[in-house]
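Source file: start.cif; contents: mmCIF, C-alpha atoms.
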data_structure
loop_
_atom_site.label_atom_id
_atom_site.label_comp_id
_atom_site.auth_asym_id
_atom_site.auth_seq_id
_atom_site.Cartn_x
_atom_site.Cartn_y
_atom_site.Cartn_z
CA ASP A 1 0.00 0.00 0.00
CA ALA A 2 1.50 3.31 -1.13
CA GLU A 3 0.01 5.34 1.72
CA GLU A 4 1.30 2.97 4.39
CA LYS A 5 4.74 2.95 2.74
CA ARG A 6 4.80 6.76 2.77
CA LEU A 7 3.95 6.83 6.47
CA TYR A 8 6.89 4.55 7.28
CA GLU A 9 9.19 6.81 5.28
CA LEU A 10 8.32 9.92 7.27
CA ARG A 11 11.24 11.49 9.15
CA PHE A 12 11.08 12.47 12.81
CA ASP A 13 14.14 14.76 12.87
CA THR A 14 12.69 17.69 10.96
CA PHE A 15 11.44 20.95 12.47
CA GLU A 16 7.84 20.17 11.49
CA ALA A 17 8.03 16.70 13.02
CA GLU A 18 9.38 18.07 16.32
CA ARG A 19 6.67 20.71 16.41
CA ASP A 20 3.93 18.16 15.80
CA ASN A 21 5.44 15.80 18.37
CA ARG A 22 5.23 18.49 21.06
CA LYS A 23 1.68 19.37 20.05
CA VAL A 24 0.59 15.74 20.37
CA PHE A 25 1.96 15.56 23.88
CA GLN A 26 0.24 18.82 24.83
CA TYR A 27 -3.09 17.39 23.72
CA LEU A 28 -2.45 14.19 25.68
CA LYS A 29 -1.50 16.10 28.79
CA GLU A 30 -4.60 18.28 28.60
CA TYR A 31 -6.90 15.26 28.60
CA LEU A 32 -4.96 12.83 30.80
CA VAL A 33 -3.19 14.88 33.47
CA ASP A 34 -5.88 14.17 36.08
CA SER A 35 -6.54 10.58 35.00
CA VAL A 36 -5.10 7.20 35.97
CA ALA A 37 -3.23 7.15 32.65
CA TRP A 38 -1.05 10.16 33.48
CA PRO A 39 1.61 8.27 35.48
CA TRP A 40 2.36 6.21 32.38
CA ILE A 41 3.32 9.25 30.30
CA GLU A 42 4.54 11.69 32.96
CA GLN A 43 8.14 10.75 32.16
CA PHE A 44 7.71 12.35 28.69
CA ASP A 45 6.48 15.67 30.08
CA LYS A 46 9.85 17.45 30.19
CA LYS A 47 10.64 16.83 26.51
CA GLU A 48 6.99 16.89 25.44
CA ASP A 49 7.54 13.67 23.57
CA GLY A 50 4.13 12.83 22.11
CA ARG A 51 5.39 9.84 20.16
CA GLY A 52 6.98 8.27 23.22
CA ALA A 53 3.80 8.88 25.25
CA ILE A 54 1.61 7.21 22.62
CA ILE A 55 3.87 4.15 22.52
CA ALA A 56 3.83 3.89 26.33
CA LEU A 57 0.04 4.10 26.49
CA THR A 58 -0.37 1.54 23.73
CA ASP A 59 1.98 -0.93 25.42
CA TYR A 60 0.17 -0.55 28.72
CA TYR A 61 -3.45 -0.70 27.60
CA ASN A 62 -2.80 -3.46 25.09
CA GLY A 63 -0.84 -5.48 27.60
CA ASP A 64 -2.07 -8.84 28.86
CA GLY A 65 -3.27 -7.46 32.18
CA GLU A 66 -5.48 -4.75 30.70
CA VAL A 67 -6.80 -6.99 27.94
CA ASN A 68 -7.82 -9.60 30.50
CA LYS A 69 -9.61 -6.95 32.58
CA ARG A 70 -11.56 -5.74 29.57
CA ASN A 71 -12.48 -9.29 28.60
CA MET A 72 -13.70 -10.11 32.10
CA HIS A 73 -15.81 -6.96 32.19
CA ALA A 74 -17.33 -7.77 28.79
CA LYS A 75 -18.17 -11.31 29.88
CA ALA A 76 -19.81 -10.01 33.06
CA ILE A 77 -22.03 -7.73 30.97
CA LEU A 78 -23.06 -10.60 28.69
CA GLU A 79 -23.89 -12.80 31.67
CA SER A 80 -26.06 -10.09 33.24
CA LEU A 81 -28.04 -9.19 30.12
CA HIS A 82 -31.58 -10.59 29.84
CA PHE A 83 -34.62 -9.35 27.95
CA LYS A 84 -38.20 -10.11 28.99
CA SER A 85 -40.28 -7.11 27.93
CA GLU A 86 -39.88 -3.66 26.46
CA SER A 87 -41.29 -2.02 29.57
CA SER A 88 -38.79 -3.64 31.95
CA PHE A 89 -35.68 -3.32 29.76
CA PRO A 90 -35.80 -1.74 26.26
CA ILE A 91 -34.58 -3.99 23.45
CA GLU A 92 -32.52 -1.11 22.03
CA LYS A 93 -30.51 -0.81 25.24
CA TYR A 94 -30.15 -4.58 25.45
CA GLY A 95 -28.79 -4.71 21.89
CA SER A 96 -26.42 -1.78 22.39
CA MET A 97 -24.86 -3.28 25.52
CA ALA A 98 -24.55 -6.69 23.86
CA LYS A 99 -22.85 -5.25 20.77
CA SER A 100 -20.34 -3.29 22.87
CA ALA A 101 -19.40 -6.30 25.00
CA LEU A 102 -19.04 -8.60 22.01
CA ALA A 103 -16.90 -6.02 20.21
CA VAL A 104 -14.42 -6.17 23.11
CA LEU A 105 -14.17 -9.95 22.88
CA ASP A 106 -13.82 -9.76 19.08
CA LYS A 107 -10.43 -8.08 19.55
CA ASP A 108 -9.03 -11.13 21.32
CA PRO A 109 -8.69 -14.20 19.07
CA ASP A 110 -8.85 -16.47 22.13
CA GLU A 111 -12.13 -14.99 23.37
CA LYS A 112 -13.92 -14.11 20.14
CA LEU A 113 -17.28 -15.83 19.65
CA SER A 114 -18.40 -17.18 16.30
CA GLU A 115 -21.59 -15.82 14.72
CA LYS A 116 -23.36 -19.05 15.59
CA GLN A 117 -22.31 -18.77 19.24
CA LYS A 118 -23.54 -15.18 19.34
CA VAL A 119 -26.97 -16.16 17.98
CA GLU A 120 -27.19 -18.99 20.51
CA TRP A 121 -26.35 -16.52 23.28
CA LEU A 122 -29.06 -14.20 21.95
CA GLN A 123 -31.71 -16.91 22.11
CA LYS A 124 -30.58 -17.94 25.57
CA THR A 125 -30.84 -14.45 27.06
CA ILE A 126 -34.10 -13.35 25.42
CA LYS A 127 -36.95 -14.90 27.37
CA PRO A 128 -39.96 -12.76 26.47
CA MET A 129 -43.19 -12.76 28.42
CA ASP A 130 -45.14 -12.35 25.19
CA PRO A 131 -45.77 -15.81 23.63
CA ASP A 132 -45.86 -14.35 20.10
CA LEU A 133 -42.37 -12.90 20.53
CA ALA A 134 -41.10 -16.15 22.06
CA ILE A 135 -42.02 -17.95 18.82
CA HIS A 136 -40.08 -15.41 16.74
CA VAL A 137 -37.01 -15.83 18.97
CA GLN A 138 -36.96 -19.53 18.15
CA LEU A 139 -37.67 -19.00 14.45
CA CYS A 140 -34.79 -16.57 13.96
CA SER A 141 -32.26 -19.38 14.48
CA ASP A 142 -33.25 -20.93 11.15
CA LYS A 143 -32.86 -17.79 9.05
CA TYR A 144 -30.07 -16.10 11.01
CA ARG A 145 -28.13 -19.05 12.31
CA ASN A 146 -24.78 -17.44 11.42
CA ASP A 147 -25.80 -13.78 11.44
CA PHE A 148 -25.94 -12.17 14.88
CA ASP A 149 -26.67 -8.65 13.60
CA GLY A 150 -29.48 -9.98 11.42
CA ALA A 151 -31.00 -11.96 14.28
CA LEU A 152 -30.85 -8.98 16.64
CA ALA A 153 -32.41 -6.67 14.04
CA TYR A 154 -35.17 -9.21 13.36
CA ILE A 155 -36.08 -9.60 17.03
CA SER A 156 -35.91 -5.84 17.61
CA GLY A 157 -38.35 -5.36 14.75
CA GLN A 158 -40.76 -7.90 16.21
CA VAL A 159 -40.58 -6.22 19.62
CA SER A 160 -41.39 -2.86 18.02
CA ARG A 161 -44.29 -4.34 16.07
CA ILE A 162 -45.83 -6.05 19.11
CA ASN A 163 -45.29 -3.03 21.32
CA ALA A 164 -46.92 -0.72 18.77
CA SER A 165 -50.02 -2.95 18.49
CA VAL A 166 -50.37 -3.02 22.27
CA GLN A 167 -50.24 0.78 22.43
CA VAL A 168 -52.85 1.14 19.69
CA GLY A 169 -55.14 -1.32 21.48
CA ALA A 170 -54.75 0.51 24.78
CA LYS A 171 -55.55 3.82 23.12
CA ALA A 172 -58.68 2.39 21.50
CA LYS A 173 -59.91 1.03 24.83
CA SER A 174 -59.41 4.42 26.44
CA LYS A 175 -61.89 6.14 24.08
CA ARG A 176 -65.22 7.05 25.65
CA ARG A 177 -68.47 7.89 23.93
CA ILE A 178 -70.39 11.01 24.82
CA SER A 179 -73.29 8.74 25.78
CA GLU A 180 -71.15 7.33 28.62
CA LEU A 181 -71.07 10.69 30.36
CA GLU A 182 -73.19 10.32 33.47
CA THR A 183 -74.48 13.18 35.56
CA ALA A 184 -76.74 13.34 38.55
CA GLY A 185 -78.97 15.83 36.78
CA ARG A 186 -82.24 16.73 38.33
CA GLY A 187 -84.46 19.29 36.70
CA ARG A 188 -87.60 20.92 37.86
CA GLY A 189 -89.79 23.85 37.00
CA ARG A 190 -89.78 25.92 33.89
CA GLY A 191 -86.71 26.49 31.80
CA ARG A 192 -85.35 27.02 28.34
CA GLY A 193 -85.09 23.32 27.61
CA ARG A 194 -81.38 23.18 26.77
CA PHE A 195 -78.63 20.94 28.15
CA GLY A 196 -76.53 23.84 29.45
CA GLY A 197 -76.81 23.82 33.18
CA ARG A 198 -74.13 24.02 35.74
CA TYR A 199 -71.10 21.74 35.95
CA ASP A 200 -72.60 19.87 38.90
CA GLY A 201 -75.02 18.25 36.48
CA ARG A 202 -78.14 20.25 37.26
CA SER A 203 -80.17 21.59 34.36
CA ARG A 204 -83.59 22.95 33.68
CA GLY A 205 -86.20 21.45 31.42
CA ARG A 206 -89.40 22.93 30.10
CA GLY A 207 -92.50 21.75 31.93
CA ARG A 208 -93.27 20.41 35.33
CA GLY A 209 -91.83 17.31 36.90
CA ARG A 210 -88.58 15.76 37.99
CA GLY A 211 -86.17 13.51 36.30
CA ARG A 212 -82.81 11.80 36.60
CA GLY A 213 -80.65 10.57 33.77
CA ARG A 214 -77.80 11.17 31.40
CA PHE A 215 -76.83 14.70 30.44
CA GLY A 216 -78.86 16.05 33.38
CA ARG A 217 -82.22 15.88 31.56
CA GLY A 218 -85.09 17.62 33.21
CA GLY A 219 -88.71 16.61 33.39
CA ARG A 220 -91.40 16.34 30.80
CA GLY A 221 -91.87 18.68 27.97
CA GLY A 222 -89.93 19.63 24.88
CA GLY A 223 -86.98 21.92 24.84
CA ARG A 224 -86.00 24.62 22.48
CA GLY A 225 -82.54 23.89 21.17
CA GLY A 226 -82.41 26.55 18.53
CA GLY A 227 -79.92 24.49 16.43
CA ARG A 228 -76.99 25.48 18.62
CA PRO A 229 -74.49 22.90 20.03
CA GLN A 230 -75.62 21.45 23.33
CA MET A 231 -72.77 21.93 25.81
CA LEU A 232 -71.96 20.40 29.18
CA ALA A 233 -68.79 21.47 31.00
CA ASN A 234 -67.43 22.91 27.75
CA VAL A 235 -68.07 19.60 25.93
CA ASP A 236 -70.36 19.39 22.90
CA ILE A 237 -72.87 16.63 23.73
CA SER A 238 -75.14 17.14 20.73
CA ASP A 239 -74.10 13.73 19.29
CA PRO A 240 -74.09 11.01 22.01
CA THR A 241 -72.49 8.48 19.63
CA ARG A 242 -69.22 10.31 19.02
CA THR A 243 -66.11 9.69 21.14
CA PHE A 244 -64.30 12.20 23.28
CA THR A 245 -61.34 14.04 21.80
CA ASP A 246 -57.98 13.91 23.59
CA ASN A 247 -58.72 17.27 25.23
CA GLU A 248 -62.18 16.13 26.37
CA ARG A 249 -61.23 12.64 27.54
CA TRP A 250 -60.80 13.48 31.21
CA VAL A 251 -63.94 15.57 31.57
#
So that I can check it, write out the structure of this file as structure tokens.
Amino acid sequence: DAEEKRLYELRFDTFEAERDNRKVFQYLKEYLVDSVAWPWIEQFDKKEDGRGAIIALTDYYNGDGEVNKRNMHAKAILESLHFKSESSFPIEKYGSMAKSALAVLDKDPDEKLSEKQKVEWLQKTIKPMDPDLAIHVQLCSDKYRNDFDGALAYISGQVSRINASVQVGAKAKSKRRISELETAGRGRGRGRGRFGGRYDGRSRGRGRGRGRGRFGRGGRGGGRGGGRPQMLANVDISDPTRTFTDNERWV
């Protein structure tokens, strides 16, 4: 590769190289001076040797001890991850944590899992409460046996689909018809025969008599509506068959 060859041919004894070397160290010092990594590059502070600092950090953090620590942490994350439902632990967060942990192990040839092993781990740690989703978890092994990313994307899509249908169903159940609005209306005496009335449910009807019922209807006799909307507590109750709007739902 021509670019890689050119990089190896660069000289480090020129004025520009020395200037850049110092600048690299200054950047490192700014970010690491108060961190646990600073002791590993403090020896290069006097000469501001950025190249020497980078080599020291690389040797330390890629050493056997640090690699083992990262591997152990990644394994601990994979062992703790479990998915049951979107409400208890979002599938997106589950997938993100799994991908990060597996990426750490991928860097170590001795710890790297095959695609098949990753899919098996996925099926083992996803134990959904929804029976429909449980079926899809088992089915994904046929199509994505050697494709962890594909299996995870497939299951995530099924979770989103099921979760969306549940939300739509819950919203539909929450709709109320105007006819379900109950008041303890009790009318008497003469009145204008409209549903207006006060918010406590009382209204006046034309004619004599008493009555209880929906919308606070009064006694016998016809009312004069005049073609205007019939309102109760700022809600149009002219059509008892329509459902409440979102703003009217909690009236």
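Taking atom CA of A:Ala153 and atom CA of A:Lys69 as the two end points, the separation is 29.4 Å.
Of the listed residues (A:Asp13, A:Glu92, A:Glu115, A:Asp59), A:Glu115 comes nearest to A:Asp149; the distances count all atoms listed in the file.
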Computed interatomic separation between atom CA of A:Ile77 and atom CA of A:Ile54 (Å): 29.2 Å
Axis-aligned box for stretch 21-29 of chain A, 5 Å per side, centre and edges in Å as JSON:
{"center_x": 1.2, "center_y": 16.8, "center_z": 23.6, "size_x": 18.5, "size_y": 15.2, "size_z": 20.4}
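Distance check against A:Pro109 using only C-alpha atoms: of A:Leu78, A:Leu152, A:Val33, A:Val67, the minimum falls on A:Val67.
Put simply, atom CA of A:Phe83 is 4.8 Å away from atom CA of A:Ile126.
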Polymer residues at most 12 Å from A:Lys46, only C-alpha atoms, same-chain spacing of 4 or more positions, as number ranges by chain: A: 22, 25-26, 29, 41-42, 50, 52-53
